[in-house]
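Structure file my_file05.pdb; described as PDB, C-alpha atoms and all ligand atoms.
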```pdb
ATOM      1  CA  MET A1383     -62.141 -69.173   0.408
ATOM      2  CA  ASP A1384     -59.922 -68.788  -2.594
ATOM      3  CA  THR A1385     -60.559 -72.132  -4.115
ATOM      4  CA  GLY A1386     -62.706 -70.890  -6.961
ATOM      5  CA  ALA A1387     -60.027 -70.364  -9.603
ATOM      6  CA  VAL A1388     -59.785 -72.890 -12.356
ATOM      7  CA  GLN A1389     -56.649 -74.006 -14.101
ATOM      8  CA  ARG A1390     -56.609 -74.342 -17.835
ATOM      9  CA  ASP A1391     -55.643 -77.724 -19.157
ATOM     10  CA  PRO A1392     -52.505 -77.333 -21.315
ATOM     11  CA  ALA A1393     -54.023 -79.901 -23.673
ATOM     12  CA  GLU A1394     -56.593 -77.265 -24.630
ATOM     13  CA  ALA A1395     -53.849 -75.398 -26.404
ATOM     14  CA  GLY A1396     -53.201 -78.377 -28.612
ATOM     15  CA  GLY A1397     -50.477 -79.833 -26.448
ATOM     16  CA  GLY A1398     -48.192 -76.835 -26.964
ATOM     17  CA  GLN A1399     -47.285 -74.277 -24.351
ATOM     18  CA  PRO A1400     -50.418 -72.507 -23.181
ATOM     19  CA  PRO A1401     -50.465 -68.714 -23.310
ATOM     20  CA  LEU A1402     -49.063 -66.963 -20.290
ATOM     21  CA  LEU A1403     -51.788 -64.384 -20.617
ATOM     22  CA  GLU A1404     -55.107 -64.346 -22.427
ATOM     23  CA  ALA A1405     -57.681 -61.592 -22.489
ATOM     24  CA  SER A1406     -60.980 -61.371 -24.290
ATOM     25  CA  GLY A1407     -63.569 -58.619 -24.296
ATOM     26  CA  LEU A1408     -61.420 -56.779 -21.754
ATOM     27  CA  LYS A1409     -62.902 -53.384 -21.076
ATOM     28  CA  MET A1410     -62.104 -50.457 -18.805
ATOM     29  CA  VAL A1411     -64.528 -47.622 -18.201
ATOM     30  CA  TYR A1412     -63.781 -44.393 -16.352
ATOM     31  CA  GLY A1413     -66.589 -41.958 -15.603
ATOM     32  CA  GLY A1414     -68.862 -43.655 -18.127
ATOM     33  CA  ARG A1415     -66.228 -43.455 -20.884
ATOM     34  CA  THR A1416     -64.713 -46.626 -22.339
ATOM     35  CA  VAL A1417     -60.973 -45.997 -22.405
ATOM     36  CA  LEU A1418     -59.924 -49.539 -23.294
ATOM     37  CA  ALA A1419     -61.668 -52.349 -25.154
ATOM     38  CA  VAL A1420     -59.487 -55.290 -26.174
ATOM     39  CA  GLN A1421     -61.320 -57.971 -28.107
ATOM     40  CA  ARG A1422     -58.595 -60.553 -27.865
ATOM     41  CA  LEU A1423     -54.999 -60.691 -26.751
ATOM     42  CA  ALA A1424     -52.890 -63.778 -26.106
ATOM     43  CA  VAL A1425     -49.260 -63.632 -24.997
ATOM     44  CA  ARG A1426     -46.979 -66.629 -25.001
ATOM     45  CA  PRO A1427     -44.128 -67.206 -22.559
ATOM     46  CA  ARG A1428     -40.919 -65.355 -23.391
ATOM     47  CA  GLU A1429     -42.417 -62.924 -25.855
ATOM     48  CA  PHE A1430     -41.150 -59.345 -25.664
ATOM     49  CA  ILE A1431     -44.057 -57.118 -26.493
ATOM     50  CA  ALA A1432     -43.818 -53.404 -27.143
ATOM     51  CA  VAL A1433     -47.044 -51.442 -26.675
ATOM     52  CA  VAL A1434     -47.157 -48.218 -28.655
ATOM     53  CA  GLY A1435     -49.766 -45.620 -29.513
ATOM     54  CA  PRO A1436     -50.695 -41.983 -29.003
ATOM     55  CA  SER A1437     -51.123 -40.406 -25.604
ATOM     56  CA  GLY A1438     -54.421 -41.398 -24.018
ATOM     57  CA  ALA A1439     -54.767 -44.569 -26.122
ATOM     58  CA  GLY A1440     -55.096 -46.737 -23.008
ATOM     59  CA  LYS A1441     -51.583 -48.222 -22.780
ATOM     60  CA  SER A1442     -51.056 -47.590 -19.063
ATOM     61  CA  THR A1443     -54.618 -48.681 -18.360
ATOM     62  CA  LEU A1444     -53.846 -51.987 -20.066
ATOM     63  CA  LEU A1445     -50.730 -52.470 -17.936
ATOM     64  CA  ARG A1446     -52.654 -51.766 -14.729
ATOM     65  CA  LEU A1447     -55.249 -54.363 -15.689
ATOM     66  CA  LEU A1448     -52.603 -56.944 -16.555
ATOM     67  CA  ALA A1449     -50.746 -56.213 -13.305
ATOM     68  CA  LEU A1450     -53.986 -56.986 -11.426
ATOM     69  CA  VAL A1451     -53.898 -53.530  -9.895
ATOM     70  CA  GLU A1452     -57.348 -52.714 -11.262
ATOM     71  CA  LYS A1453     -60.367 -54.791 -12.095
ATOM     72  CA  PRO A1454     -61.827 -54.549 -15.596
ATOM     73  CA  ALA A1455     -65.374 -53.301 -16.121
ATOM     74  CA  ALA A1456     -66.009 -56.369 -18.270
ATOM     75  CA  GLY A1457     -64.222 -59.234 -19.981
ATOM     76  CA  GLU A1458     -62.151 -62.227 -19.169
ATOM     77  CA  LEU A1459     -58.509 -62.395 -18.133
ATOM     78  CA  TRP A1460     -56.378 -65.507 -17.724
ATOM     79  CA  LEU A1461     -52.909 -65.202 -16.242
ATOM     80  CA  PHE A1462     -50.401 -68.018 -15.689
ATOM     81  CA  GLY A1463     -53.083 -70.505 -16.702
ATOM     82  CA  ARG A1464     -55.550 -69.207 -14.112
ATOM     83  CA  LYS A1465     -58.761 -67.369 -14.697
ATOM     84  CA  VAL A1466     -58.452 -64.063 -12.859
ATOM     85  CA  TRP A1467     -61.543 -62.188 -14.030
ATOM     86  CA  GLY A1468     -64.585 -63.263 -15.972
ATOM     87  CA  GLY A1469     -67.709 -65.276 -15.594
ATOM     88  CA  GLY A1470     -67.728 -68.421 -13.530
ATOM     89  CA  ALA A1471     -64.873 -69.396 -11.257
ATOM     90  CA  ARG A1472     -62.201 -66.762 -10.748
ATOM     91  CA  ALA A1473     -59.414 -65.783  -8.399
ATOM     92  CA  GLY A1474     -60.113 -64.726  -4.838
ATOM     93  CA  GLU A1475     -58.091 -62.159  -2.887
ATOM     94  CA  LYS A1476     -55.486 -64.618  -1.658
ATOM     95  CA  GLU A1477     -54.833 -66.018  -5.079
ATOM     96  CA  LEU A1478     -54.730 -62.519  -6.573
ATOM     97  CA  LEU A1479     -51.906 -61.749  -4.165
ATOM     98  CA  GLN A1480     -50.074 -64.919  -5.158
ATOM     99  CA  LEU A1481     -50.485 -64.133  -8.847
ATOM    100  CA  ARG A1482     -49.240 -60.575  -8.328
ATOM    101  CA  ARG A1483     -46.095 -61.983  -6.765
ATOM    102  CA  ARG A1484     -45.268 -63.649 -10.051
ATOM    103  CA  LEU A1485     -45.177 -60.374 -11.945
ATOM    104  CA  ALA A1486     -43.367 -57.070 -11.650
ATOM    105  CA  LEU A1487     -44.766 -53.682 -12.623
ATOM    106  CA  VAL A1488     -42.389 -50.813 -13.329
ATOM    107  CA  LEU A1489     -44.152 -47.466 -13.313
ATOM    108  CA  GLN A1490     -43.158 -44.546 -15.491
ATOM    109  CA  THR A1491     -42.486 -42.429 -12.429
ATOM    110  CA  PRO A1492     -40.551 -44.589  -9.992
ATOM    111  CA  VAL A1493     -41.136 -44.210  -6.273
ATOM    112  CA  PRO A1494     -38.049 -45.487  -4.416
ATOM    113  CA  PHE A1495     -38.373 -46.477  -0.772
ATOM    114  CA  ARG A1496     -36.667 -44.129   1.661
ATOM    115  CA  THR A1497     -33.682 -46.326   2.254
ATOM    116  CA  SER A1498     -30.470 -47.179   0.430
ATOM    117  CA  VAL A1499     -30.334 -48.528  -3.100
ATOM    118  CA  TRP A1500     -29.424 -51.949  -1.698
ATOM    119  CA  GLY A1501     -32.203 -51.618   0.892
ATOM    120  CA  ASN A1502     -34.752 -51.057  -1.874
ATOM    121  CA  LEU A1503     -33.963 -54.409  -3.434
ATOM    122  CA  ALA A1504     -33.752 -56.169  -0.069
ATOM    123  CA  ARG A1505     -37.184 -54.831   0.812
ATOM    124  CA  VAL A1506     -38.942 -56.122  -2.307
ATOM    125  CA  LEU A1507     -37.301 -59.502  -1.836
ATOM    126  CA  GLY A1508     -38.540 -59.518   1.765
ATOM    127  CA  TRP A1509     -42.063 -58.761   0.627
ATOM    128  CA  HIS A1510     -41.841 -61.743  -1.667
ATOM    129  CA  GLY A1511     -40.960 -64.009   1.204
ATOM    130  CA  GLN A1512     -37.179 -64.212   0.661
ATOM    131  CA  ALA A1513     -34.735 -63.647   3.493
ATOM    132  CA  PRO A1514     -32.961 -60.470   2.272
ATOM    133  CA  GLY A1515     -29.721 -61.346   4.048
ATOM    134  CA  ALA A1516     -29.458 -64.877   2.664
ATOM    135  CA  PRO A1517     -26.434 -65.466   0.393
ATOM    136  CA  GLU A1518     -28.686 -66.190  -2.591
ATOM    137  CA  SER A1519     -30.627 -62.970  -2.014
ATOM    138  CA  ARG A1520     -27.393 -61.004  -1.777
ATOM    139  CA  ARG A1521     -26.182 -62.593  -5.009
ATOM    140  CA  ARG A1522     -29.402 -61.603  -6.733
ATOM    141  CA  ILE A1523     -29.214 -58.039  -5.438
ATOM    142  CA  ARG A1524     -25.612 -57.678  -6.614
ATOM    143  CA  GLN A1525     -26.502 -59.050 -10.030
ATOM    144  CA  ALA A1526     -29.533 -56.800 -10.418
ATOM    145  CA  LEU A1527     -27.500 -53.709  -9.508
ATOM    146  CA  GLN A1528     -24.736 -54.707 -11.897
ATOM    147  CA  ALA A1529     -27.224 -55.246 -14.723
ATOM    148  CA  VAL A1530     -28.354 -51.611 -14.547
ATOM    149  CA  GLY A1531     -24.977 -50.097 -13.686
ATOM    150  CA  LEU A1532     -25.771 -49.231 -10.071
ATOM    151  CA  ALA A1533     -23.322 -51.550  -8.306
ATOM    152  CA  ASP A1534     -21.204 -48.599  -7.124
ATOM    153  CA  LYS A1535     -24.238 -46.840  -5.642
ATOM    154  CA  ALA A1536     -25.524 -49.686  -3.481
ATOM    155  CA  GLN A1537     -25.135 -47.752  -0.219
ATOM    156  CA  GLN A1538     -26.390 -44.403  -1.510
ATOM    157  CA  ALA A1539     -29.774 -43.159  -0.336
ATOM    158  CA  ALA A1540     -32.292 -43.968  -3.058
ATOM    159  CA  ALA A1541     -33.919 -40.552  -2.602
ATOM    160  CA  SER A1542     -30.673 -38.907  -3.732
ATOM    161  CA  LEU A1543     -30.489 -40.727  -7.081
ATOM    162  CA  SER A1544     -30.802 -38.803 -10.327
ATOM    163  CA  GLY A1545     -33.905 -39.385 -12.448
ATOM    164  CA  GLY A1546     -32.099 -41.836 -14.706
ATOM    165  CA  GLU A1547     -30.586 -43.702 -11.762
ATOM    166  CA  ALA A1548     -33.984 -43.911 -10.053
ATOM    167  CA  GLN A1549     -35.439 -45.406 -13.215
ATOM    168  CA  ARG A1550     -32.607 -47.939 -13.315
ATOM    169  CA  LEU A1551     -33.310 -48.805  -9.680
ATOM    170  CA  ALA A1552     -36.952 -49.422 -10.598
ATOM    171  CA  VAL A1553     -35.826 -51.911 -13.259
ATOM    172  CA  ALA A1554     -33.412 -53.515 -10.767
ATOM    173  CA  ARG A1555     -36.314 -53.956  -8.346
ATOM    174  CA  ALA A1556     -38.120 -55.932 -11.019
ATOM    175  CA  LEU A1557     -34.960 -57.873 -11.912
ATOM    176  CA  VAL A1558     -34.290 -59.008  -8.375
ATOM    177  CA  LEU A1559     -37.726 -60.612  -8.179
ATOM    178  CA  GLN A1560     -37.114 -62.805 -11.222
ATOM    179  CA  PRO A1561     -40.738 -62.416 -12.276
ATOM    180  CA  GLN A1562     -42.452 -64.523 -14.897
ATOM    181  CA  LEU A1563     -44.104 -61.430 -16.314
ATOM    182  CA  ALA A1564     -42.565 -57.950 -16.345
ATOM    183  CA  LEU A1565     -44.808 -54.980 -17.160
ATOM    184  CA  LEU A1566     -42.927 -51.774 -17.856
ATOM    185  CA  ASP A1567     -44.520 -48.385 -18.463
ATOM    186  CA  GLU A1568     -42.219 -46.139 -20.501
ATOM    187  CA  PRO A1569     -39.137 -47.039 -18.486
ATOM    188  CA  THR A1570     -36.900 -44.758 -20.526
ATOM    189  CA  ALA A1571     -39.134 -41.716 -20.934
ATOM    190  CA  ASN A1572     -37.167 -38.471 -20.544
ATOM    191  CA  LEU A1573     -33.807 -40.201 -20.131
ATOM    192  CA  ASP A1574     -30.536 -39.292 -21.838
ATOM    193  CA  PRO A1575     -29.020 -41.849 -24.246
ATOM    194  CA  GLY A1576     -26.602 -43.220 -21.634
ATOM    195  CA  ASN A1577     -29.377 -43.967 -19.180
ATOM    196  CA  VAL A1578     -31.583 -45.326 -21.959
ATOM    197  CA  ALA A1579     -28.855 -47.821 -22.815
ATOM    198  CA  LEU A1580     -28.465 -48.882 -19.166
ATOM    199  CA  VAL A1581     -32.214 -49.295 -18.646
ATOM    200  CA  GLU A1582     -32.452 -51.270 -21.873
ATOM    201  CA  ALA A1583     -29.616 -53.522 -20.702
ATOM    202  CA  GLY A1584     -31.556 -54.171 -17.487
ATOM    203  CA  VAL A1585     -34.757 -54.898 -19.380
ATOM    204  CA  ARG A1586     -32.940 -57.309 -21.668
ATOM    205  CA  SER A1587     -31.528 -59.066 -18.602
ATOM    206  CA  LEU A1588     -35.072 -59.429 -17.314
ATOM    207  CA  TRP A1589     -36.159 -60.967 -20.592
ATOM    208  CA  LEU A1590     -33.154 -63.245 -20.976
ATOM    209  CA  GLY A1591     -33.130 -64.244 -17.319
ATOM    210  CA  LEU A1592     -29.442 -63.534 -16.856
ATOM    211  CA  GLY A1593     -28.175 -64.770 -13.549
ATOM    212  CA  ARG A1594     -30.995 -67.181 -12.933
ATOM    213  CA  GLY A1595     -29.363 -70.383 -11.818
ATOM    214  CA  ARG A1596     -31.518 -73.255 -12.901
ATOM    215  CA  GLY A1597     -32.291 -75.516  -9.979
ATOM    216  CA  GLN A1598     -30.029 -73.646  -7.613
ATOM    217  CA  GLY A1599     -31.592 -70.238  -7.260
ATOM    218  CA  LEU A1600     -34.280 -69.343  -4.802
ATOM    219  CA  ASP A1601     -37.685 -70.760  -5.461
ATOM    220  CA  PRO A1602     -39.467 -67.776  -7.001
ATOM    221  CA  HIS A1603     -42.790 -68.789  -5.512
ATOM    222  CA  PRO A1604     -42.010 -70.004  -2.033
ATOM    223  CA  GLY A1605     -44.063 -70.521   1.020
ATOM    224  CA  GLY A1606     -47.552 -71.907   0.825
ATOM    225  CA  GLU A1607     -47.998 -71.377  -2.870
ATOM    226  CA  GLN A1608     -47.662 -74.963  -3.889
ATOM    227  CA  GLU A1609     -51.065 -74.835  -5.455
ATOM    228  CA  LEU A1610     -49.622 -72.553  -8.109
ATOM    229  CA  ARG A1611     -47.065 -75.137  -9.097
ATOM    230  CA  PRO A1612     -46.114 -76.586 -11.400
ATOM    231  CA  ASN A1613     -45.911 -73.456 -13.427
ATOM    232  CA  PRO A1614     -48.029 -74.341 -16.449
ATOM    233  CA  CYS A1615     -46.659 -71.568 -18.571
ATOM    234  CA  GLY A1616     -43.195 -71.221 -18.412
ATOM    235  CA  ASP A1617     -39.578 -71.350 -18.840
ATOM    236  CA  PRO A1618     -38.063 -70.156 -15.577
ATOM    237  CA  GLY A1619     -35.114 -68.805 -17.529
ATOM    238  CA  GLY A1620     -36.486 -65.341 -18.164
ATOM    239  CA  ALA A1621     -39.515 -63.092 -18.030
ATOM    240  CA  THR A1622     -42.179 -62.412 -20.575
ATOM    241  CA  VAL A1623     -41.971 -58.658 -21.084
ATOM    242  CA  ILE A1624     -44.710 -56.189 -21.979
ATOM    243  CA  MET A1625     -43.287 -52.689 -22.290
ATOM    244  CA  VAL A1626     -45.045 -49.463 -23.157
ATOM    245  CA  THR A1627     -42.832 -47.103 -25.097
ATOM    246  CA  HIS A1628     -43.093 -43.982 -27.195
ATOM    247  CA  ASN A1629     -39.724 -44.771 -28.699
ATOM    248  CA  LEU A1630     -40.256 -46.692 -31.929
ATOM    249  CA  PHE A1631     -36.522 -47.315 -32.339
ATOM    250  CA  GLN A1632     -36.517 -48.918 -28.928
ATOM    251  CA  ALA A1633     -39.492 -51.099 -29.847
ATOM    252  CA  ARG A1634     -37.596 -52.232 -32.917
ATOM    253  CA  ARG A1635     -34.429 -52.895 -30.935
ATOM    254  CA  LEU A1636     -35.988 -54.910 -28.145
ATOM    255  CA  ALA A1637     -39.373 -56.343 -29.022
ATOM    256  CA  THR A1638     -40.420 -59.541 -30.747
ATOM    257  CA  ARG A1639     -43.963 -58.261 -31.280
ATOM    258  CA  VAL A1640     -45.623 -54.863 -31.311
ATOM    259  CA  LEU A1641     -49.146 -53.847 -30.312
ATOM    260  CA  PHE A1642     -50.505 -50.504 -31.493
ATOM    261  CA  PHE A1643     -53.357 -48.956 -29.537
ATOM    262  CA  TRP A1644     -55.523 -46.149 -30.760
ATOM    263  CA  ASP A1645     -58.371 -44.683 -28.764
ATOM    264  CA  GLY A1646     -58.587 -47.710 -26.490
ATOM    265  CA  GLN A1647     -58.613 -50.203 -29.363
ATOM    266  CA  LEU A1648     -55.913 -52.681 -30.279
ATOM    267  CA  VAL A1649     -55.718 -51.908 -33.979
ATOM    268  CA  GLU A1650     -52.448 -53.618 -34.902
ATOM    269  CA  ASP A1651     -50.757 -56.706 -33.472
ATOM    270  CA  GLN A1652     -47.771 -57.906 -35.484
ATOM    271  CA  PRO A1653     -44.350 -59.511 -35.159
ATOM    272  CA  VAL A1654     -41.834 -56.701 -34.907
ATOM    273  CA  ASP A1655     -40.541 -56.830 -38.509
ATOM    274  CA  GLN A1656     -44.002 -56.894 -40.022
ATOM    275  CA  PHE A1657     -45.150 -54.088 -37.774
ATOM    276  CA  PHE A1658     -42.545 -51.748 -39.183
ATOM    277  CA  THR A1659     -42.636 -52.900 -42.802
ATOM    278  CA  ALA A1660     -46.164 -54.150 -43.441
ATOM    279  CA  ALA A1661     -48.588 -52.581 -40.976
ATOM    280  CA  ARG A1662     -52.140 -53.247 -42.112
ATOM    281  CA  ASP A1663     -54.169 -50.549 -40.407
ATOM    282  CA  PRO A1664     -54.010 -47.049 -41.946
ATOM    283  CA  ARG A1665     -53.866 -45.558 -38.445
ATOM    284  CA  THR A1666     -50.710 -47.547 -37.718
ATOM    285  CA  GLN A1667     -49.176 -46.464 -41.003
ATOM    286  CA  ALA A1668     -49.957 -42.833 -40.218
ATOM    287  CA  PHE A1669     -48.496 -43.206 -36.715
ATOM    288  CA  LEU A1670     -45.308 -44.759 -38.079
ATOM    289  CA  GLN A1671     -44.959 -41.907 -40.536
ATOM    290  CA  GLY A1672     -45.202 -39.428 -37.694
ATOM    291  CA  LYS A1673     -48.529 -38.066 -38.859
ATOM    292  CA  ALA A1674     -50.992 -37.025 -36.204
ATOM    293  CA  VAL A1675     -53.700 -39.621 -35.826
ATOM    294  CA  PHE A1676     -55.504 -38.207 -32.836
TER
HETATM  295  N1  LIG B1701     -58.256 -43.176 -13.026
HETATM  296  C1  LIG B1701     -58.759 -42.603 -14.116
HETATM  297  N2  LIG B1701     -59.904 -41.864 -14.066
HETATM  298  C2  LIG B1701     -60.422 -41.289 -15.168
HETATM  299  N3  LIG B1701     -59.869 -41.380 -16.402
HETATM  300  C3  LIG B1701     -58.733 -42.088 -16.509
HETATM  301  C4  LIG B1701     -58.114 -42.737 -15.385
HETATM  302  N4  LIG B1701     -56.998 -43.362 -15.815
HETATM  303  C5  LIG B1701     -56.918 -43.125 -17.136
HETATM  304  N5  LIG B1701     -57.960 -42.350 -17.546
HETATM  305  C6  LIG B1701     -58.195 -41.899 -18.920
HETATM  306  O1  LIG B1701     -58.118 -43.048 -19.749
HETATM  307  C7  LIG B1701     -57.504 -42.721 -20.988
HETATM  308  C8  LIG B1701     -56.331 -43.654 -21.213
HETATM  309  O2  LIG B1701     -55.328 -43.321 -20.275
HETATM  310  P1  LIG B1701     -53.925 -44.059 -20.235
HETATM  311  O3  LIG B1701     -53.178 -43.490 -19.083
HETATM  312  O4  LIG B1701     -54.141 -45.512 -20.254
HETATM  313  O5  LIG B1701     -53.295 -43.586 -21.622
HETATM  314  P2  LIG B1701     -51.840 -43.860 -22.202
HETATM  315  O6  LIG B1701     -52.016 -44.526 -23.537
HETATM  316  O7  LIG B1701     -51.018 -44.558 -21.205
HETATM  317  O8  LIG B1701     -51.309 -42.387 -22.461
HETATM  318  P3  LIG B1701     -49.807 -41.768 -22.276
HETATM  319  O9  LIG B1701     -49.035 -42.189 -23.502
HETATM  320  O10 LIG B1701     -50.041 -40.281 -22.255
HETATM  321  O11 LIG B1701     -49.224 -42.287 -21.006
HETATM  322  C9  LIG B1701     -57.121 -41.260 -20.913
HETATM  323  O12 LIG B1701     -58.103 -40.512 -21.580
HETATM  324  C10 LIG B1701     -57.136 -40.962 -19.424
HETATM  325  O13 LIG B1701     -57.482 -39.629 -19.183
HETATM  326 MG    MG B1702     -49.355 -44.009 -20.072
END
```
Would you kindly transcribe this structure into structure tokens?
Amino acid sequence: MDTGAVQRDPAEAGGGQPPLLEASGLKMVYGGRTVLAVQRLAVRPREFIAVVGPSGAGKSTLLRLLALVEKPAAGELWLFGRKVWGGGARAGEKELLQLRRRLALVLQTPVPFRTSVWGNLARVLGWHGQAPGAPESRRRIRQALQAVGLADKAQQAAASLSGGEAQRLAVARALVLQPQLALLDEPTANLDPGNVALVEAGVRSLWLGLGRGRGQGLDPHPGGEQELRPNPCGDPGGATVIMVTHNLFQARRLATRVLFFWDGQLVEDQPVDQFFTAARDPRTQAFLQGKAVF
């Protein structure tokens, strides 16, 4: 039975919008080594969070935990107002699946399905319970491809795309799902400036919710998921974005808030302007100045 999850009362948050995501004491251990230990992290709907930090700091590990791909060694995680991990009542397998359907994870190395570009988007929509051939689905697919500049490659085999195009397809796959939470792991690593700009345009569309018709689009959480409604956290207009990047200029361009990880610890958490002008932790300052901190 998956009836164990509890829903947080929005009144607990003082009547305001409750966080979309809340983690406390979140810990990941590999081979006896703690690679991530986050004391507290709360993300509100529609934030755009950049996650930065040296290689090995635990950024991808954090994304995997938040995407519900892996289970933490310890700690509590709330997502969309539901307790996923932690003591007491928590999500069962069926609810985990339903929660995962409300988020999209874009991996650093995309793995397109062996079908056409269009077929890739149709397939993810199908997995999320939408009829891929329905007019609304087709509209969404067209819009997602346009947003990342792939409209003219809809019929091309995805396996034949260039690296930059494949990365844009990965972002389009997230876009077409209209997720509430988008988790992106270095979506522009190793791309040329033209592709960086196109991926960034797609990511901004995700955040802004371009093309989402209020009240007339497909129900993003159809079919037997009524227990997850009403969405306690959110504006259906766009996604909350958490994006790992090594590109500080990109973080500055896109994010509203920046998290800096160092050796598995969240050592700086600031609104974007403060992060770049008034970082508190000496390790952040050293990182921003391009000095080695690891
Ligand atoms: N499945 C695993 N088994 C063992 N160790 C792991 C595993 N996944 C990650 N690690 C280790 O955890 C640490 C954090 O890895 P993670 O991939 O989260 O770093 P990162 O900040 O994303 O680095 P990068 O910027 O290089 O992508 C690293 O030391 C890594 O070797
Ligand atoms: Mg990584």
Exercise. For each of A:Leu1566, A:Ala1473, A:Ala1661, A:Ala1424, take the minimum atom-to-atom distance to ligand MG 1702 (chain B), counting all atoms listed in the file, then give the residue where this is smallest.
Key: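 Comparing A:Leu1566, A:Ala1473, A:Ala1661, A:Ala1424 against ligand MG 1702 (chain B), the winner is A:Leu1566.
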Quiz item: Exactly which residues make up the result of the PyMOL selection byres (((not hetatm)) within 7 of (chain B and resi 1701)) on this file, given as a ChimeraX atom specification?
Solution: /A:1412-1413,1417,1435-1444
Quiz item: So which one's closest to A:Gly1620, A:Leu1670, A:Val1654, A:Ala1564, A:Ala1571? Using all atoms listed in the file, please.
Solution: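 Counting all atoms listed in the file, the residue closest to A:Gly1620 is A:Ala1564.
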Exercise. State, in Å with one decimal place, the distance from atom CA of A:Leu1588 to atom CA of A:Gln1399.
Key: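 Computed distance, atom CA of A:Leu1588 to atom CA of A:Gln1399, equals 20.5 Å.
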Quiz prompt | Residue nearest ligand MG 1702 (chain B) among A:Arg1428, A:Lys1476, A:Arg1521, A:Arg1446 (counting all atoms listed in the file) | solution = A:Arg1446
Self-check item: Selection under test: the PyMOL selection byres (((chain A and resi 1636) around 12) and not hetatm); residues as a ChimeraX atom specification
Solution: /A:1429-1433,1579,1581-1590,1623-1627,1629-1635,1637-1640,1653-1655
